[in-house]
file coords20.cif (mmCIF, C-alpha atoms)
data_entry
loop_
_atom_site.label_atom_id
_atom_site.label_comp_id
_atom_site.auth_asym_id
_atom_site.auth_seq_id
_atom_site.Cartn_x
_atom_site.Cartn_y
_atom_site.Cartn_z
CA MET A 222 -0.33 -21.78 -29.48
CA PHE A 223 3.21 -20.63 -28.77
CA ASN A 224 4.89 -20.07 -25.44
CA LYS A 225 4.99 -16.37 -24.52
CA ASN A 226 8.79 -16.27 -24.68
CA LEU A 227 8.87 -18.11 -28.00
CA LYS A 228 6.68 -15.38 -29.49
CA LEU A 229 9.28 -12.78 -28.57
CA VAL A 230 12.12 -14.92 -29.97
CA ILE A 231 10.26 -15.36 -33.25
CA ALA A 232 9.57 -11.62 -33.42
CA GLY A 233 13.26 -10.90 -32.74
CA LEU A 234 14.41 -13.27 -35.47
CA ILE A 235 11.99 -11.75 -37.96
CA ILE A 236 13.18 -8.23 -37.07
CA ALA A 237 16.81 -9.34 -37.48
CA PHE A 238 16.01 -10.73 -40.91
CA ALA A 239 14.14 -7.49 -41.74
CA ILE A 240 17.27 -5.49 -40.88
CA TYR A 241 19.28 -7.80 -43.16
CA GLN A 242 16.75 -7.13 -45.93
CA PHE A 243 17.12 -3.36 -45.38
CA ILE A 244 20.92 -3.66 -45.64
CA GLU A 245 20.62 -5.66 -48.86
CA GLY A 246 18.42 -2.93 -50.33
CA ASN A 247 15.13 -4.85 -50.26
CA ILE A 248 13.13 -2.15 -48.51
CA GLY A 249 9.72 -3.65 -49.32
CA ASN A 250 10.68 -7.04 -47.87
CA GLY A 251 12.04 -5.35 -44.73
CA ILE A 252 8.84 -3.38 -44.17
CA SER A 253 6.73 -6.50 -44.70
CA LEU A 254 8.83 -8.45 -42.21
CA ILE A 255 8.54 -5.65 -39.62
CA LEU A 256 4.74 -5.78 -40.00
CA LEU A 257 4.83 -9.57 -39.66
CA SER A 258 6.86 -9.31 -36.46
CA SER A 259 4.34 -6.84 -35.04
CA ILE A 260 1.73 -9.64 -35.14
CA PHE A 261 3.88 -11.78 -32.83
CA ILE A 262 4.49 -8.82 -30.54
CA PHE A 263 0.75 -8.11 -30.42
CA LEU A 264 0.03 -11.76 -29.60
CA TYR A 265 2.54 -11.58 -26.76
CA PHE A 266 0.45 -8.90 -25.06
CA ARG A 267 -2.97 -10.23 -26.16
CA ASN A 268 -3.12 -14.01 -26.16
CA GLU A 269 -4.96 -15.42 -29.18
CA ILE A 270 -6.76 -18.15 -27.22
CA ILE A 271 -8.09 -15.69 -24.64
CA LEU A 272 -9.27 -13.38 -27.43
CA LEU A 273 -11.16 -16.27 -29.02
CA ALA A 274 -12.59 -17.26 -25.61
CA PHE A 275 -13.87 -13.69 -25.12
CA LEU A 276 -15.54 -13.85 -28.54
CA ARG A 277 -17.33 -17.04 -27.45
CA MET A 278 -18.26 -15.41 -24.15
CA ARG A 279 -19.78 -12.48 -26.04
CA LYS A 280 -22.06 -14.96 -27.81
CA GLN A 281 -23.07 -16.45 -24.40
CA ASP A 282 -21.52 -19.77 -25.40
CA LEU A 283 -20.06 -20.99 -22.10
CA THR A 284 -19.16 -24.44 -23.38
CA GLY A 285 -17.32 -22.94 -26.35
CA THR A 286 -15.50 -20.58 -24.00
CA LYS A 287 -14.50 -23.48 -21.77
CA ASN A 288 -13.29 -25.44 -24.82
CA TRP A 289 -11.04 -22.55 -25.87
CA LEU A 290 -9.70 -22.10 -22.34
CA ASP A 291 -8.97 -25.82 -22.08
CA LYS A 292 -6.55 -25.45 -24.99
CA ILE A 293 -4.22 -23.54 -22.65
CA LYS A 294 -2.35 -26.36 -20.92
CA ARG A 295 0.02 -24.39 -18.68
CA PRO A 296 -1.26 -20.84 -18.10
CA GLU A 297 1.84 -19.82 -16.10
CA ALA A 298 4.16 -20.59 -19.02
CA SER A 299 1.92 -19.45 -21.85
CA LEU A 300 0.39 -16.27 -20.43
CA THR A 301 1.59 -13.02 -18.93
CA VAL A 302 0.33 -12.10 -15.45
CA LYS A 303 -2.59 -9.97 -16.70
CA GLN A 304 -3.58 -12.69 -19.15
CA GLN A 305 -3.58 -15.20 -16.29
CA GLY A 306 -5.94 -12.83 -14.48
CA TYR A 307 -8.35 -12.88 -17.40
CA TYR A 308 -7.94 -16.64 -17.75
CA ASN A 309 -9.11 -17.03 -14.15
CA TYR A 310 -11.81 -14.36 -14.63
CA LEU A 311 -13.32 -16.31 -17.53
CA HIS A 312 -13.16 -19.54 -15.53
CA GLY A 313 -14.92 -17.74 -12.69
CA ILE A 314 -17.74 -16.67 -14.98
CA ILE A 315 -18.08 -20.21 -16.34
CA PHE A 316 -18.13 -21.84 -12.90
CA SER A 317 -20.49 -19.22 -11.44
CA GLN A 318 -23.26 -21.05 -13.28
CA THR A 319 -22.53 -24.43 -11.68
CA ASN A 320 -20.05 -24.41 -8.77
CA LEU A 321 -19.95 -21.28 -6.58
CA THR A 322 -17.01 -22.42 -4.46
CA GLN A 323 -14.87 -23.00 -7.54
CA ALA A 324 -16.04 -19.69 -9.05
CA GLU A 325 -15.10 -17.83 -5.87
CA LYS A 326 -11.60 -19.33 -6.01
CA TYR A 327 -11.15 -18.26 -9.64
CA PHE A 328 -12.49 -14.72 -9.08
CA LYS A 329 -10.19 -14.19 -6.08
CA LYS A 330 -7.21 -15.44 -8.05
CA ALA A 331 -8.13 -13.17 -10.97
CA LEU A 332 -8.30 -10.15 -8.66
CA LYS A 333 -4.98 -11.11 -7.08
CA LEU A 334 -3.25 -11.42 -10.48
CA GLY A 335 -4.89 -8.23 -11.73
CA LEU A 336 -7.38 -7.22 -14.38
CA THR A 337 -6.76 -4.30 -16.72
CA MET A 338 -10.21 -2.77 -16.99
CA ASP A 339 -12.03 -1.25 -14.00
CA TYR A 340 -15.27 -2.70 -15.34
CA ASP A 341 -13.85 -6.22 -15.17
CA VAL A 342 -12.62 -5.67 -11.60
CA ALA A 343 -16.06 -4.31 -10.66
CA MET A 344 -17.77 -7.29 -12.30
CA ALA A 345 -15.52 -9.75 -10.47
CA LYS A 346 -16.17 -8.01 -7.14
CA LEU A 347 -19.89 -7.94 -7.84
CA SER A 348 -19.84 -11.67 -8.57
CA LEU A 349 -17.87 -12.30 -5.38
CA ALA A 350 -20.42 -10.21 -3.47
CA GLY A 351 -23.22 -12.36 -4.88
CA ILE A 352 -21.39 -15.54 -3.87
CA ALA A 353 -20.72 -14.16 -0.37
CA MET A 354 -24.38 -13.18 -0.06
CA GLN A 355 -25.50 -16.69 -0.99
CA LYS A 356 -23.12 -18.10 1.61
CA ARG A 357 -24.60 -15.74 4.26
CA ARG A 358 -21.46 -13.60 4.67
CA LYS A 359 -23.18 -10.22 4.79
CA ARG A 360 -20.23 -8.09 5.94
CA GLU A 361 -17.96 -9.36 3.16
CA ALA A 362 -20.75 -8.97 0.59
CA THR A 363 -21.39 -5.37 1.68
CA MET A 364 -17.70 -4.51 1.45
CA LEU A 365 -17.35 -6.05 -2.02
CA LEU A 366 -20.52 -4.36 -3.21
CA ASN A 367 -19.23 -0.94 -2.11
CA GLU A 368 -15.91 -1.57 -3.87
CA ALA A 369 -17.74 -2.59 -7.04
CA LYS A 370 -19.84 0.57 -6.82
CA LYS A 371 -16.68 2.73 -6.63
CA LEU A 372 -15.14 0.99 -9.62
CA ASP A 373 -18.26 1.24 -11.81
CA LYS A 374 -17.47 4.66 -13.29
CA ASN A 375 -19.69 4.28 -16.36
CA ASN A 376 -22.71 3.16 -14.30
CA MET A 377 -23.03 -0.06 -16.26
CA LEU A 378 -23.62 -2.19 -13.16
CA THR A 379 -25.88 0.14 -11.18
CA ASP A 380 -29.01 -1.95 -11.73
CA GLN A 381 -27.30 -5.13 -10.55
CA ILE A 382 -25.79 -3.34 -7.55
CA LYS A 383 -29.17 -1.90 -6.52
CA MET A 384 -30.82 -5.31 -6.91
CA MET A 385 -28.15 -6.93 -4.74
CA GLN A 386 -28.53 -4.21 -2.09
CA LYS A 387 -32.25 -4.91 -1.95
CA GLN A 388 -31.60 -8.63 -1.57
CA MET A 389 -29.03 -7.88 1.13
CA LYS A 390 -31.69 -6.20 3.27
CA LYS A 391 -33.60 -9.49 3.35
CA ILE A 392 -30.66 -11.38 4.86
#

call {"tool": "encode", "arguments": {"input": "coords20.cif", "output": "structure tokens"}}
result
Amino acid sequence: MFNKNLKLVIAGLIIAFAIYQFIEGNIGNGISLILLSSIFIFLYFRNEIILLAFLRMRKQDLTGTKNWLDKIKRPEASLTVKQQGYYNYLHGIIFSQTNLTQAEKYFKKALKLGLTMDYDVAMAKLSLAGIAMQKRRKREATMLLNEAKKLDKNNMLTDQIKMMQKQMKKI
């Protein structure tokens, strides 16, 4: 895994060599090098380790997801701000199975750093509402649940939200 700035430097060097190839008349080589540099630019915006961790998460393999995330040694140096948000979001999902206090810390940090998709923000707020409900903080849980309901535009979380509202009445 490369540092985020190193990816841009490599892409810049490849583009510079592609321009040299265009000047020399090797148009095919130049086009190939431009396409090669686009891979590094893509990986700057979408980190390869986080993509692989999401693939493991899709298969419900939490240990595999944790193994991929552990390969990122310094998230601040290797990831952009949004990628750090998703890094913390994935850690929050992993720790929500075992350690709620740790999961709450990761979800709050993910929301602070920012998540791109409204669904992910709604899911993080829904998870935080569940944690707050288990810790008997009803006002905070109600507020987070309402925010998650507003963000769930595709109604993918309506069943979970309704179930949590029913459980909230029991508290």

call {"tool": "closest_residue", "arguments": {"input": "coords20.cif", "among": "A:Ile235, A:Met344, A:Lys356, A:Asn247", "to": "Thr379 (chain A)", "atoms": "all atoms listed in the file"}}
result
A:Met344

call {"tool": "closest_residue", "arguments": {"input": "coords20.cif", "among": "A:Lys383, A:Arg295, A:Lys371, A:Lys287", "to": "Lys225 (chain A)", "atoms": "only C-alpha atoms"}}
result
A:Arg295

call {"tool": "resolve_selection", "arguments": {"input": "coords20.cif", "expression": "the PyMOL selection byres ((chain A and resi 234) around 12)", "output": "list in words"}}
result
Leu227, Lys228, Leu229, Val230, Ile231, Ala232, Gly233, Ile235, Ile236, Ala237, Phe238, Ala239, Ile240, Tyr241, Leu254, Ile255, Leu257, Ser258, Ser259, Phe261 and Ile262 of chain A

call {"tool": "atom_distance", "arguments": {"input": "coords20.cif", "atom1": "CA of Lys387 (chain A)", "atom2": "CA of Met354 (chain A)"}}
result
11.6 Å

call {"tool": "resolve_selection", "arguments": {"input": "coords20.cif", "expression": "the PyMOL selection byres ((chain A and resi 268) around 10)", "output": "JSON, numbers by chain"}}
result
{"A": [222, 223, 225, 261, 263, 264, 265, 266, 267, 269, 270, 271, 272, 273, 299, 300, 301, 304, 305]}

call {"tool": "write_last_selection", "arguments": {"input": "coords20.cif", "atoms": "C-alpha atoms", "output": "CSV table (one decimal), in the coordinates of the input"}}
result
chain,number,residue,atom,x,y,z
A,222,MET,CA,-0.3,-21.8,-29.5
A,223,PHE,CA,3.2,-20.6,-28.8
A,225,LYS,CA,5.0,-16.4,-24.5
A,261,PHE,CA,3.9,-11.8,-32.8
A,263,PHE,CA,0.8,-8.1,-30.4
A,264,LEU,CA,0.0,-11.8,-29.6
A,265,TYR,CA,2.5,-11.6,-26.8
A,266,PHE,CA,0.4,-8.9,-25.1
A,267,ARG,CA,-3.0,-10.2,-26.2
A,269,GLU,CA,-5.0,-15.4,-29.2
A,270,ILE,CA,-6.8,-18.2,-27.2
A,271,ILE,CA,-8.1,-15.7,-24.6
A,272,LEU,CA,-9.3,-13.4,-27.4
A,273,LEU,CA,-11.2,-16.3,-29.0
A,299,SER,CA,1.9,-19.4,-21.8
A,300,LEU,CA,0.4,-16.3,-20.4
A,301,THR,CA,1.6,-13.0,-18.9
A,304,GLN,CA,-3.6,-12.7,-19.2
A,305,GLN,CA,-3.6,-15.2,-16.3

call {"tool": "axis_aligned_box", "arguments": {"input": "coords20.cif", "around": "region 247-255 of chain A", "padding_each_side": "8 Å", "output": "AutoDock Vina command-line options"}}
result
--center_x 10.9 --center_y -5.3 --center_z -44.9 --size_x 24.4 --size_y 22.3 --size_z 26.6

call {"tool": "closest_residue", "arguments": {"input": "coords20.cif", "among": "A:Met389, A:Asn224, A:Met278, A:Leu349", "to": "Ile293 (chain A)", "atoms": "only C-alpha atoms"}}
result
A:Asn224

call {"tool": "resolve_selection", "arguments": {"input": "coords20.cif", "expression": "the PyMOL selection byres ((chain A and resi 331) around 9)", "output": "list in words"}}
result
Lys303, Gln305, Gly306, Tyr307, Tyr308, Asn309, Tyr310, Leu311, Gly313, Lys326, Tyr327, Phe328, Lys329, Lys330, Leu332, Lys333, Leu334, Gly335, Leu336, Val342 and Ala345 of chain A

call {"tool": "atom_distance", "arguments": {"input": "coords20.cif", "atom1": "CA of Arg358 (chain A)", "atom2": "CA of Ile392 (chain A)"}}
result
9.5 Å

call {"tool": "closest_residue", "arguments": {"input": "coords20.cif", "among": "A:Lys292, A:Arg360, A:Lys346, A:Lys390", "to": "Leu378 (chain A)", "atoms": "only C-alpha atoms"}}
result
A:Lys346

call {"tool": "decode", "arguments": {"input": "coords20.cif", "residues": "region 296-322 of chain A", "atoms": "C-alpha atoms", "output": "tab-separated table (two decimals), in the first residue's frame"}}
result
chain	number	residue	atom	x	y	z
A	296	PRO	CA	-4.66	6.01	8.56
A	297	GLU	CA	-3.93	9.76	8.76
A	298	ALA	CA	-0.99	9.46	6.35
A	299	SER	CA	-2.41	6.81	4.05
A	300	LEU	CA	-6.03	7.90	3.70
A	301	THR	CA	-7.94	11.01	2.70
A	302	VAL	CA	-10.45	12.44	5.20
A	303	LYS	CA	-13.46	10.61	3.73
A	304	GLN	CA	-11.50	7.36	3.63
A	305	GLN	CA	-10.63	7.84	7.30
A	306	GLY	CA	-14.36	8.20	7.93
A	307	TYR	CA	-15.04	4.86	6.27
A	308	TYR	CA	-12.07	3.30	8.06
A	309	ASN	CA	-13.66	4.28	11.38
A	310	TYR	CA	-17.13	3.28	10.15
A	311	LEU	CA	-15.91	-0.25	9.38
A	312	HIS	CA	-14.18	-0.46	12.76
A	313	GLY	CA	-17.43	0.65	14.38
A	314	ILE	CA	-19.34	-2.14	12.67
A	315	ILE	CA	-16.72	-4.69	13.73
A	316	PHE	CA	-16.66	-3.54	17.37
A	317	SER	CA	-20.46	-3.27	17.59
A	318	GLN	CA	-20.46	-7.05	17.89
A	319	THR	CA	-18.13	-7.14	20.89
A	320	ASN	CA	-17.39	-3.77	22.54
A	321	LEU	CA	-20.13	-1.11	22.43
A	322	THR	CA	-18.05	1.64	24.00
